[in-house]
>>> print(open('input-v8.cif').read())   # mmCIF, C-alpha atoms and all ligand atoms
data_model
#
loop_
_atom_site.label_atom_id
_atom_site.label_comp_id
_atom_site.auth_asym_id
_atom_site.auth_seq_id
_atom_site.Cartn_x
_atom_site.Cartn_y
_atom_site.Cartn_z
CA LYS A 14 7.00 -15.60 14.91
CA GLY A 15 3.36 -16.49 14.52
CA LYS A 16 2.39 -12.99 13.40
CA ARG A 17 -0.35 -12.31 10.90
CA ALA A 18 -0.20 -9.48 8.37
CA PHE A 19 -2.78 -7.86 6.16
CA VAL A 20 -1.36 -6.16 3.07
CA ALA A 21 -3.83 -3.95 1.19
CA GLY A 22 -3.08 -3.28 -2.47
CA VAL A 23 -1.81 -6.50 -4.06
CA ALA A 24 -3.12 -7.51 -7.47
CA ASP A 25 -0.01 -8.79 -9.28
CA ASP A 26 3.67 -9.45 -8.58
CA GLY A 27 4.95 -6.15 -9.96
CA GLY A 28 4.28 -3.67 -7.15
CA PHE A 29 5.49 -2.89 -3.67
CA GLY A 30 2.57 -4.70 -2.01
CA PHE A 31 3.59 -8.08 -3.40
CA ALA A 32 7.24 -7.59 -2.41
CA ILE A 33 6.20 -6.53 1.09
CA ALA A 34 3.88 -9.54 1.43
CA LYS A 35 6.72 -11.80 0.38
CA ALA A 36 9.26 -10.22 2.74
CA LEU A 37 6.79 -10.61 5.62
CA ALA A 38 6.21 -14.25 4.67
CA GLU A 39 9.98 -14.83 4.53
CA ALA A 40 10.17 -13.40 8.05
CA GLY A 41 7.63 -15.99 9.22
CA ALA A 42 4.31 -14.10 9.12
CA SER A 43 1.04 -15.44 7.73
CA VAL A 44 -0.03 -13.01 5.06
CA CYS A 45 -3.52 -12.05 3.96
CA VAL A 46 -3.95 -9.54 1.15
CA GLY A 47 -6.62 -7.08 0.12
CA THR A 48 -7.31 -6.70 -3.59
CA TRP A 49 -9.36 -4.08 -5.43
CA PRO A 50 -12.45 -5.85 -6.85
CA PRO A 51 -11.84 -4.71 -10.47
CA ALA A 52 -8.39 -6.37 -10.32
CA LEU A 53 -9.37 -9.42 -8.25
CA GLY A 54 -10.63 -11.67 -11.05
CA ILE A 55 -7.42 -11.32 -13.05
CA PHE A 56 -5.26 -11.74 -9.94
CA THR A 57 -6.87 -15.01 -8.85
CA THR A 58 -6.77 -16.27 -12.45
CA ILE A 59 -3.04 -15.62 -12.92
CA LEU A 60 -2.37 -17.15 -9.49
CA ARG A 61 -4.38 -20.25 -10.37
CA ARG A 62 -2.70 -20.62 -13.77
CA GLY A 63 0.74 -20.52 -12.14
CA LYS A 64 1.80 -17.27 -13.82
CA LEU A 65 3.17 -15.96 -10.51
CA ASP A 66 4.82 -19.22 -9.42
CA GLU A 67 8.33 -17.98 -10.08
CA SER A 68 7.79 -14.82 -8.00
CA LEU A 69 6.20 -16.84 -5.20
CA VAL A 70 9.26 -19.04 -4.60
CA MET A 71 10.72 -18.26 -1.17
CA SER A 72 14.38 -18.49 -0.23
CA ASP A 73 13.87 -21.98 1.26
CA GLY A 74 12.40 -23.23 -2.04
CA THR A 75 8.79 -23.44 -0.85
CA LYS A 76 5.98 -21.51 -2.52
CA MET A 77 4.43 -18.60 -0.68
CA GLU A 78 0.70 -18.98 -0.06
CA PHE A 79 -1.60 -16.08 0.72
CA GLU A 80 -3.64 -17.14 3.74
CA ARG A 81 -6.65 -15.20 2.39
CA ILE A 82 -7.35 -12.86 -0.50
CA TYR A 83 -10.03 -10.38 0.54
CA ALA A 84 -11.89 -8.11 -1.87
CA LEU A 85 -11.28 -4.55 -0.70
CA ASP A 86 -12.28 -1.20 -2.12
CA ALA A 87 -10.56 1.36 0.09
CA GLU A 88 -12.89 4.09 -1.14
CA PHE A 89 -15.54 2.73 1.23
CA ASP A 90 -15.41 2.60 5.03
CA THR A 91 -18.58 0.57 5.56
CA PHE A 92 -21.03 -1.30 3.35
CA GLU A 93 -23.55 1.53 3.83
CA ASP A 94 -21.14 3.81 1.94
CA VAL A 95 -21.16 1.58 -1.16
CA PRO A 96 -23.58 2.98 -3.76
CA GLN A 97 -26.18 0.64 -5.20
CA GLU A 98 -24.68 0.71 -8.71
CA VAL A 99 -21.30 -0.36 -7.32
CA ARG A 100 -22.88 -3.17 -5.27
CA GLU A 101 -24.57 -4.44 -8.43
CA ASN A 102 -21.50 -4.07 -10.64
CA LYS A 103 -20.42 -7.47 -11.99
CA ARG A 104 -16.97 -7.17 -10.45
CA TYR A 105 -18.40 -6.39 -7.00
CA LYS A 106 -21.64 -8.22 -6.46
CA GLU A 107 -20.25 -11.68 -5.72
CA HIS A 108 -17.95 -10.25 -3.01
CA GLY A 109 -20.51 -8.73 -0.66
CA ASP A 110 -19.06 -6.20 1.77
CA ILE A 111 -15.86 -4.95 0.13
CA SER A 112 -15.46 -1.98 2.50
CA ILE A 113 -12.58 -1.53 4.95
CA GLN A 114 -14.90 -2.49 7.83
CA GLY A 115 -16.01 -5.47 5.72
CA VAL A 116 -12.45 -6.83 5.67
CA VAL A 117 -12.10 -6.23 9.43
CA ASP A 118 -15.31 -8.18 10.06
CA ARG A 119 -14.22 -11.01 7.75
CA MET A 120 -10.85 -11.34 9.46
CA LYS A 121 -12.61 -11.52 12.83
CA ALA A 122 -14.96 -14.19 11.52
CA ASP A 123 -12.08 -16.14 9.96
CA PHE A 124 -9.52 -15.92 12.77
CA GLY A 125 -11.05 -14.58 15.99
CA GLU A 126 -11.17 -11.35 17.98
CA GLN A 127 -7.58 -10.12 17.56
CA PRO A 128 -6.31 -11.77 14.42
CA VAL A 129 -3.74 -9.30 13.13
CA ASP A 130 -0.37 -7.79 14.09
CA ILE A 131 0.71 -5.97 10.94
CA VAL A 132 -1.28 -3.85 8.49
CA VAL A 133 0.29 -2.48 5.33
CA HIS A 134 -1.38 0.14 3.13
CA SER A 135 0.11 -0.16 -0.37
CA LEU A 136 -2.56 1.38 -2.53
CA ALA A 137 -3.28 4.63 -4.25
CA ASN A 138 -5.53 5.92 -6.96
CA GLY A 139 -5.91 9.34 -8.51
CA PRO A 140 -8.58 9.48 -11.20
CA GLU A 141 -7.06 12.67 -12.63
CA VAL A 142 -3.39 11.82 -12.02
CA LYS A 143 -2.57 12.84 -15.59
CA ASN A 144 -3.93 16.36 -15.04
CA VAL A 145 -1.62 18.98 -13.60
CA LEU A 146 -2.86 20.36 -10.28
CA LEU A 147 -3.85 23.58 -12.02
CA GLU A 148 -6.33 21.55 -14.08
CA THR A 149 -7.54 19.13 -11.40
CA SER A 150 -11.22 19.18 -10.46
CA ARG A 151 -12.48 19.14 -6.89
CA LYS A 152 -13.90 15.68 -7.51
CA GLY A 153 -10.57 14.37 -8.84
CA TYR A 154 -8.60 15.92 -6.00
CA LEU A 155 -10.90 14.63 -3.27
CA GLY A 156 -11.03 11.24 -4.99
CA ALA A 157 -7.23 10.98 -4.86
CA VAL A 158 -7.07 12.09 -1.23
CA GLY A 159 -9.98 9.83 -0.24
CA VAL A 160 -8.62 6.60 -1.71
CA SER A 161 -4.92 7.28 -1.20
CA ALA A 162 -4.83 9.04 2.20
CA TYR A 163 -8.11 8.91 4.12
CA SER A 164 -8.20 5.15 3.54
CA MET A 165 -5.14 4.90 5.83
CA VAL A 166 -6.90 6.88 8.57
CA SER A 167 -9.91 4.59 8.19
CA MET A 168 -7.74 1.48 8.32
CA VAL A 169 -6.04 2.60 11.53
CA GLN A 170 -9.46 3.40 13.06
CA ARG A 171 -10.99 0.10 12.09
CA PHE A 172 -8.13 -2.37 12.39
CA SER A 173 -6.76 -1.11 15.71
CA PRO A 174 -9.41 -2.83 17.86
CA ILE A 175 -8.66 -6.19 16.18
CA MET A 176 -4.90 -5.73 16.27
CA ARG A 177 -2.86 -7.36 19.00
CA GLN A 178 -1.03 -4.99 21.37
CA GLY A 179 2.14 -3.62 19.81
CA GLY A 180 0.87 -3.83 16.26
CA SER A 181 2.41 -2.07 13.30
CA TYR A 182 0.99 0.00 10.45
CA LEU A 183 2.89 1.02 7.36
CA SER A 184 2.03 3.03 4.27
CA LEU A 185 3.86 3.93 1.08
CA SER A 186 4.53 7.50 0.10
CA TYR A 187 6.40 9.34 -2.62
CA MET A 188 8.67 12.38 -2.60
CA ALA A 189 6.13 14.32 -4.68
CA SER A 190 4.58 15.16 -1.29
CA GLU A 191 7.45 17.50 -0.43
CA ARG A 192 9.18 18.37 -3.73
CA VAL A 193 7.65 19.17 -7.11
CA ILE A 194 7.50 16.16 -9.41
CA PRO A 195 5.99 17.41 -12.68
CA GLY A 196 3.60 14.77 -14.02
CA TYR A 197 2.42 13.49 -10.61
CA GLY A 198 -0.87 15.30 -10.81
CA GLY A 199 -4.52 15.04 -9.94
CA GLY A 200 -3.96 15.85 -6.27
CA MET A 201 -1.78 12.76 -5.79
CA SER A 202 1.00 14.99 -4.44
CA SER A 203 -1.52 16.43 -1.98
CA ALA A 204 -2.66 12.92 -1.01
CA LYS A 205 0.92 11.88 -0.23
CA ALA A 206 1.47 15.03 1.85
CA ALA A 207 -1.65 14.18 3.85
CA LEU A 208 -0.54 10.55 4.23
CA GLU A 209 2.82 11.61 5.66
CA SER A 210 1.35 14.15 8.05
CA ASP A 211 -1.27 11.64 9.17
CA THR A 212 1.52 9.13 9.86
CA ARG A 213 2.73 11.37 12.68
CA VAL A 214 -0.70 12.14 14.15
CA LEU A 215 -1.92 8.55 13.87
CA ALA A 216 1.31 7.31 15.46
CA PHE A 217 0.64 9.53 18.47
CA GLU A 218 -3.02 8.65 18.78
CA ALA A 219 -2.78 4.91 18.07
CA GLY A 220 0.36 4.72 20.19
CA ARG A 221 -1.35 6.20 23.22
CA LYS A 222 -4.62 4.39 22.74
CA TYR A 223 -3.43 0.94 21.65
CA GLY A 224 0.36 0.78 21.74
CA HIS A 225 0.46 0.39 17.96
CA ARG A 226 3.12 1.94 15.73
CA VAL A 227 2.51 3.84 12.47
CA ASN A 228 5.26 4.45 9.92
CA CYS A 229 5.67 5.32 6.30
CA ILE A 230 8.19 4.47 3.57
CA SER A 231 8.95 7.11 0.95
CA ALA A 232 9.93 4.91 -1.97
CA GLY A 233 11.85 5.71 -5.11
CA PRO A 234 10.26 5.06 -8.51
CA LEU A 235 9.27 1.51 -9.55
CA ALA A 236 7.57 0.48 -12.79
CA SER A 237 4.54 -1.07 -11.07
CA ARG A 238 1.19 -1.27 -12.77
CA ALA A 239 -0.07 1.86 -10.99
CA ALA A 240 3.08 3.85 -11.77
CA SER A 241 3.16 2.74 -15.39
CA ALA A 242 -0.38 4.05 -15.80
CA ILE A 243 0.83 7.55 -14.88
CA GLY A 244 3.05 7.53 -17.94
CA PHE A 245 6.47 8.95 -16.99
CA ILE A 246 7.83 6.21 -14.77
CA GLY A 247 10.59 5.13 -17.18
CA GLN A 248 11.90 8.68 -17.27
CA MET A 249 11.79 8.93 -13.45
CA ILE A 250 13.70 5.68 -13.03
CA ASP A 251 16.39 6.83 -15.47
CA TYR A 252 16.61 10.24 -13.78
CA CYS A 253 17.06 8.64 -10.37
CA LYS A 254 19.65 6.20 -11.68
CA VAL A 255 21.72 9.08 -13.05
CA ASN A 256 21.34 11.34 -10.02
CA SER A 257 21.27 9.06 -6.95
CA PRO A 258 24.16 8.15 -4.64
CA LEU A 259 23.47 4.50 -5.52
CA PRO A 260 23.10 4.57 -9.29
CA GLU A 261 21.00 1.44 -9.89
CA ALA A 262 17.23 1.20 -10.16
CA LEU A 263 15.43 0.57 -6.87
CA THR A 264 13.97 -2.92 -6.52
CA SER A 265 10.65 -3.76 -4.88
CA GLN A 266 12.56 -6.27 -2.71
CA GLU A 267 14.50 -3.42 -1.12
CA VAL A 268 11.24 -1.81 -0.08
CA GLY A 269 9.92 -5.20 1.05
CA ALA A 270 12.92 -5.72 3.33
CA THR A 271 12.52 -2.30 4.95
CA ALA A 272 8.81 -2.93 5.39
CA ALA A 273 9.51 -6.25 7.12
CA PHE A 274 11.99 -4.53 9.45
CA LEU A 275 9.59 -1.68 10.30
CA SER A 276 6.78 -4.19 10.93
CA SER A 277 8.93 -6.31 13.24
CA PRO A 278 9.87 -5.98 16.90
CA LEU A 279 13.34 -4.88 15.70
CA ALA A 280 11.65 -1.52 15.04
CA SER A 281 9.76 -1.35 18.35
CA GLY A 282 11.28 2.08 19.02
CA ILE A 283 10.30 3.55 15.64
CA THR A 284 6.94 5.23 15.12
CA GLY A 285 5.61 8.34 13.39
CA THR A 286 8.54 8.19 10.99
CA MET A 287 9.04 8.35 7.28
CA ILE A 288 11.98 6.40 5.93
CA TYR A 289 13.35 6.95 2.42
CA VAL A 290 13.99 3.78 0.47
CA ASP A 291 15.15 5.49 -2.68
CA LYS A 292 18.85 4.71 -3.24
CA GLY A 293 19.60 8.00 -1.55
CA PHE A 294 17.95 10.20 -4.17
CA ALA A 295 16.15 12.44 -1.64
CA SER A 296 19.43 13.58 -0.13
CA MET A 297 20.68 15.11 -3.36
CA GLY A 298 20.39 18.86 -3.92
CA LYS A 299 21.53 19.15 -7.49
CA ALA A 300 21.04 17.03 -10.60
CA LEU A 301 24.26 15.78 -12.21
P1 LIG A 401 0.54 -1.33 -7.58
O1 LIG A 401 -0.22 -1.19 -8.85
O2 LIG A 401 1.27 -2.60 -7.36
O3 LIG A 401 -0.37 -1.10 -6.31
C1 LIG A 401 -1.45 -0.24 -6.23
C2 LIG A 401 -2.65 -1.08 -5.84
O4 LIG A 401 -3.72 -0.24 -5.42
C3 LIG A 401 -3.18 -1.92 -7.00
O5 LIG A 401 -3.20 -3.28 -6.62
C4 LIG A 401 -4.59 -1.40 -7.18
O6 LIG A 401 -5.49 -2.41 -7.58
C5 LIG A 401 -4.89 -0.89 -5.78
N1 LIG A 401 -6.02 0.03 -5.68
C6 LIG A 401 -6.31 1.10 -6.44
N2 LIG A 401 -7.47 1.66 -6.03
C7 LIG A 401 -7.91 0.94 -4.97
C8 LIG A 401 -9.05 1.00 -4.12
N3 LIG A 401 -9.98 1.93 -4.27
N4 LIG A 401 -9.18 0.07 -3.14
C9 LIG A 401 -8.24 -0.89 -2.98
N5 LIG A 401 -7.15 -1.01 -3.75
C10 LIG A 401 -6.98 -0.10 -4.74
O7 LIG A 401 1.52 -0.07 -7.55
P2 LIG A 401 2.63 0.43 -6.54
O8 LIG A 401 3.37 1.48 -7.30
O9 LIG A 401 3.38 -0.69 -5.96
O10 LIG A 401 1.80 1.18 -5.40
C11 LIG A 401 1.81 0.84 -4.04
C12 LIG A 401 2.03 2.08 -3.20
O11 LIG A 401 3.35 2.56 -3.41
C13 LIG A 401 1.10 3.24 -3.53
O12 LIG A 401 0.74 3.91 -2.36
C14 LIG A 401 2.00 4.14 -4.37
O13 LIG A 401 1.57 5.48 -4.39
C15 LIG A 401 3.29 3.95 -3.64
N6 LIG A 401 4.50 4.40 -4.34
C16 LIG A 401 4.79 3.96 -5.60
C17 LIG A 401 5.92 4.39 -6.25
C18 LIG A 401 6.24 3.88 -7.62
O14 LIG A 401 7.09 4.47 -8.30
N7 LIG A 401 5.67 2.80 -8.07
C19 LIG A 401 6.86 5.34 -5.62
C20 LIG A 401 6.49 5.70 -4.26
C21 LIG A 401 5.34 5.26 -3.67
#
>>> encode(input="input-v8.cif", output="structure tokens")
Amino acid sequence: KGKRAFVAGVADDGGFGFAIAKALAEAGASVCVGTWPPALGIFTTILRRGKLDESLVMSDGTKMEFERIYALDAEFDTFEDVPQEVRENKRYKEHGDISIQGVVDRMKADFGEQPVDIVVHSLANGPEVKNVLLETSRKGYLGAVGVSAYSMVSMVQRFSPIMRQGGSYLSLSYMASERVIPGYGGGMSSAKAALESDTRVLAFEAGRKYGHRVNCISAGPLASRAASAIGFIGQMIDYCKVNSPLPEALTSQEVGATAAFLSSPLASGITGTMIYVDKGFASMGKAL
């Protein structure tokens, strides 16, 4: 009750971030989101035009409102890190400081010294995701790891001081971190492996220093915008449907519900953990 969440990586109603934001709102939290500047214009336009109204309806019939929509580019830790040409880009310049620290400072200015209880990292980007690892450049690999994994480290560093005692962090991973998923290239598999390992180390460090928890959901495939851009998501969904203990496609709501649980005091004993929300697929050892 009375908790505030920040969900990074929401730009439409088709991904995990939106479903997590909604599940947190259903559980009574105020929800702020962070949106990548190149996607922010379209997101606010479709919101304004009512194109998301159906998805925003909560179980009590009211419409979910985002408390704030912050511009966030998780590639940058502070405004000093943002190159001049990015600052001047037409999708960035009106938003000022779009760095991770920029969002932290804005939340402090908007709500006070310790304005947040829950932070969710639901973003990833791999510029060379369509290249197999054997053909991934150093720049592509480090780009994927920087945006998709280091950004979580940076968020835990920077949000922890403004998070109320007993706060919760959550990120989204994928089984390609631990098993070979052909097609998930560009160092994205490496980024997810880093994200999962960092979950454990950050849980220890942020637990001891602040009393915060850090967990991770390893989700099954969902045809979000990001996943559809990779190109083989339909095939992955069909494969999982055929080969999982629960043979229906995973819904984003199922991930949202688990995220709300992990972010709540019901999960006060859970930290440093990765939970599969994948219809059981990860437990299988042989395709049907
Ligand atoms: P999505 O497209 O809804 O979310 C990804 C978001 O990341 C987008 O809103 C995009 O604008 C944002 N983003 C990209 N680069 C950014 C940057 N530099 N700064 C800030 N935001 C940035 O897609 P989805 O699939 O819901 O992704 C959410 C998380 O779930 C990601 O970590 C993804 O790897 C993970 N995941 C997705 C699976 C899937 O099959 N869709 C399976 C398992 C994990």
>>> atom_distance(input="input-v8.cif", atom1="atom CA of A:Ala24", atom2="atom CA of A:Leu85")
11.0 Å
>>> closest_residue(input="input-v8.cif", among="A:Glu39, A:Glu88, A:Asp123, A:Glu80", to="ligand LIG 401 (chain A)", atoms="only C-alpha atoms and all ligand atoms")
A:Glu88
>>> closest_atom_pairs(input="input-v8.cif", of="chain A", to="ligand LIG 401 (chain A)", cutoff="8 Å", atoms="only C-alpha atoms and all ligand atoms", output="JSON lines")
{"residue": "A:Ala21", "atom": "CA", "partner": "A:LIG401", "partner_atom": "N5", "distance": 6.6}
{"residue": "A:Gly22", "atom": "CA", "partner": "A:LIG401", "partner_atom": "C2", "distance": 4.0}
{"residue": "A:Val23", "atom": "CA", "partner": "A:LIG401", "partner_atom": "O5", "distance": 4.3}
{"residue": "A:Ala24", "atom": "CA", "partner": "A:LIG401", "partner_atom": "O5", "distance": 4.3}
{"residue": "A:Asp25", "atom": "CA", "partner": "A:LIG401", "partner_atom": "O2", "distance": 6.6}
{"residue": "A:Asp26", "atom": "CA", "partner": "A:LIG401", "partner_atom": "O2", "distance": 7.4}
{"residue": "A:Gly27", "atom": "CA", "partner": "A:LIG401", "partner_atom": "O2", "distance": 5.7}
{"residue": "A:Gly28", "atom": "CA", "partner": "A:LIG401", "partner_atom": "O2", "distance": 3.2}
{"residue": "A:Phe29", "atom": "CA", "partner": "A:LIG401", "partner_atom": "O9", "distance": 3.8}
{"residue": "A:Gly30", "atom": "CA", "partner": "A:LIG401", "partner_atom": "O9", "distance": 5.7}
{"residue": "A:Phe31", "atom": "CA", "partner": "A:LIG401", "partner_atom": "O2", "distance": 7.1}
{"residue": "A:Gly47", "atom": "CA", "partner": "A:LIG401", "partner_atom": "C9", "distance": 7.1}
{"residue": "A:Thr48", "atom": "CA", "partner": "A:LIG401", "partner_atom": "N5", "distance": 5.7}
{"residue": "A:Trp49", "atom": "CA", "partner": "A:LIG401", "partner_atom": "N5", "distance": 4.1}
{"residue": "A:Pro50", "atom": "CA", "partner": "A:LIG401", "partner_atom": "C9", "distance": 7.6}
{"residue": "A:Pro51", "atom": "CA", "partner": "A:LIG401", "partner_atom": "O6", "distance": 7.3}
{"residue": "A:Ala52", "atom": "CA", "partner": "A:LIG401", "partner_atom": "O6", "distance": 5.6}
{"residue": "A:Leu85", "atom": "CA", "partner": "A:LIG401", "partner_atom": "C9", "distance": 5.3}
{"residue": "A:Asp86", "atom": "CA", "partner": "A:LIG401", "partner_atom": "N4", "distance": 3.5}
{"residue": "A:Ala87", "atom": "CA", "partner": "A:LIG401", "partner_atom": "N4", "distance": 3.7}
{"residue": "A:Glu88", "atom": "CA", "partner": "A:LIG401", "partner_atom": "N3", "distance": 4.8}
{"residue": "A:Phe89", "atom": "CA", "partner": "A:LIG401", "partner_atom": "N3", "distance": 7.9}
{"residue": "A:His134", "atom": "CA", "partner": "A:LIG401", "partner_atom": "O12", "distance": 7.0}
{"residue": "A:Ser135", "atom": "CA", "partner": "A:LIG401", "partner_atom": "C12", "distance": 4.1}
{"residue": "A:Leu136", "atom": "CA", "partner": "A:LIG401", "partner_atom": "O4", "distance": 3.5}
{"residue": "A:Ala137", "atom": "CA", "partner": "A:LIG401", "partner_atom": "O12", "distance": 4.5}
{"residue": "A:Asn138", "atom": "CA", "partner": "A:LIG401", "partner_atom": "N2", "distance": 4.8}
{"residue": "A:Val160", "atom": "CA", "partner": "A:LIG401", "partner_atom": "N3", "distance": 5.5}
{"residue": "A:Ser161", "atom": "CA", "partner": "A:LIG401", "partner_atom": "O12", "distance": 6.7}
{"residue": "A:Ser184", "atom": "CA", "partner": "A:LIG401", "partner_atom": "O12", "distance": 6.8}
{"residue": "A:Leu185", "atom": "CA", "partner": "A:LIG401", "partner_atom": "O12", "distance": 4.6}
{"residue": "A:Ser186", "atom": "CA", "partner": "A:LIG401", "partner_atom": "C21", "distance": 4.5}
{"residue": "A:Tyr187", "atom": "CA", "partner": "A:LIG401", "partner_atom": "C20", "distance": 4.0}
{"residue": "A:Met188", "atom": "CA", "partner": "A:LIG401", "partner_atom": "C20", "distance": 7.2}
{"residue": "A:Lys205", "atom": "CA", "partner": "A:LIG401", "partner_atom": "O13", "distance": 7.7}
{"residue": "A:Ile230", "atom": "CA", "partner": "A:LIG401", "partner_atom": "C21", "distance": 7.8}
{"residue": "A:Ser231", "atom": "CA", "partner": "A:LIG401", "partner_atom": "C20", "distance": 5.9}
{"residue": "A:Ala232", "atom": "CA", "partner": "A:LIG401", "partner_atom": "C20", "distance": 4.2}
{"residue": "A:Gly233", "atom": "CA", "partner": "A:LIG401", "partner_atom": "C19", "distance": 5.0}
{"residue": "A:Pro234", "atom": "CA", "partner": "A:LIG401", "partner_atom": "O14", "distance": 3.2}
{"residue": "A:Leu235", "atom": "CA", "partner": "A:LIG401", "partner_atom": "O14", "distance": 3.9}
{"residue": "A:Ala236", "atom": "CA", "partner": "A:LIG401", "partner_atom": "N7", "distance": 5.6}
{"residue": "A:Ser237", "atom": "CA", "partner": "A:LIG401", "partner_atom": "O8", "distance": 4.7}
{"residue": "A:Arg238", "atom": "CA", "partner": "A:LIG401", "partner_atom": "O1", "distance": 4.2}
{"residue": "A:Ala239", "atom": "CA", "partner": "A:LIG401", "partner_atom": "O1", "distance": 3.7}
{"residue": "A:Ala240", "atom": "CA", "partner": "A:LIG401", "partner_atom": "N7", "distance": 4.6}
{"residue": "A:Ser241", "atom": "CA", "partner": "A:LIG401", "partner_atom": "N7", "distance": 7.7}
{"residue": "A:Ile246", "atom": "CA", "partner": "A:LIG401", "partner_atom": "O14", "distance": 6.7}
{"residue": "A:Ser265", "atom": "CA", "partner": "A:LIG401", "partner_atom": "O9", "distance": 8.0}
>>> residues_around(input="input-v8.cif", residues="A:Thr149", least_positions_apart="3", cutoff="8 Å", atoms="all atoms listed in the file", output="MDAnalysis selection string")
chainID A and resid 141 144:146 153:154 198:200
>>> closest_residue(input="input-v8.cif", among="A:Met168, A:Met176, A:Met249, A:Val20", to="A:Val44", atoms="all atoms listed in the file")
A:Val20
>>> residues_near_point(input="input-v8.cif", point="(15.5, 4.2, -14.7)", cutoff="12 Å", atoms="all atoms listed in the file", output="list in words")
Gly233, Pro234, Leu235, Ala236, Phe245, Ile246, Gly247, Gln248, Met249, Ile250, Asp251, Tyr252, Cys253, Lys254, Val255, Asn256, Ser257, Pro260, Glu261, Ala262, Leu263, Thr264 and Lys292 of chain A
>>> build_atoms(input="input-v8.cif", residues="stretch 32-43 of chain A", atoms="N, CA and C atoms", output="short mmCIF file (atom, residue, chain, number, x, y, z; two decimals), keeping the file's coordinate frame")
data_model
loop_
_atom_site.label_atom_id
_atom_site.label_comp_id
_atom_site.auth_asym_id
_atom_site.auth_seq_id
_atom_site.Cartn_x
_atom_site.Cartn_y
_atom_site.Cartn_z
N ALA A 32 5.88 -7.42 -2.98
CA ALA A 32 7.24 -7.59 -2.41
C ALA A 32 7.20 -7.51 -0.89
N ILE A 33 6.33 -6.65 -0.36
CA ILE A 33 6.20 -6.53 1.09
C ILE A 33 5.57 -7.80 1.66
N ALA A 34 4.52 -8.29 0.99
CA ALA A 34 3.88 -9.54 1.43
C ALA A 34 4.92 -10.67 1.48
N LYS A 35 5.74 -10.72 0.45
CA LYS A 35 6.72 -11.80 0.38
C LYS A 35 7.78 -11.65 1.47
N ALA A 36 8.25 -10.43 1.70
CA ALA A 36 9.26 -10.22 2.74
C ALA A 36 8.69 -10.57 4.12
N LEU A 37 7.42 -10.26 4.33
CA LEU A 37 6.79 -10.61 5.62
C LEU A 37 6.66 -12.12 5.76
N ALA A 38 6.31 -12.79 4.65
CA ALA A 38 6.21 -14.25 4.67
C ALA A 38 7.59 -14.88 4.94
N GLU A 39 8.60 -14.33 4.30
CA GLU A 39 9.98 -14.83 4.53
C GLU A 39 10.36 -14.70 6.00
N ALA A 40 9.85 -13.64 6.64
CA ALA A 40 10.17 -13.40 8.05
C ALA A 40 9.29 -14.24 8.98
N GLY A 41 8.40 -15.05 8.41
CA GLY A 41 7.63 -15.99 9.22
C GLY A 41 6.19 -15.61 9.48
N ALA A 42 5.71 -14.51 8.89
CA ALA A 42 4.31 -14.10 9.12
C ALA A 42 3.36 -14.86 8.19
N SER A 43 2.12 -15.04 8.64
CA SER A 43 1.04 -15.44 7.73
C SER A 43 0.55 -14.17 7.07
#
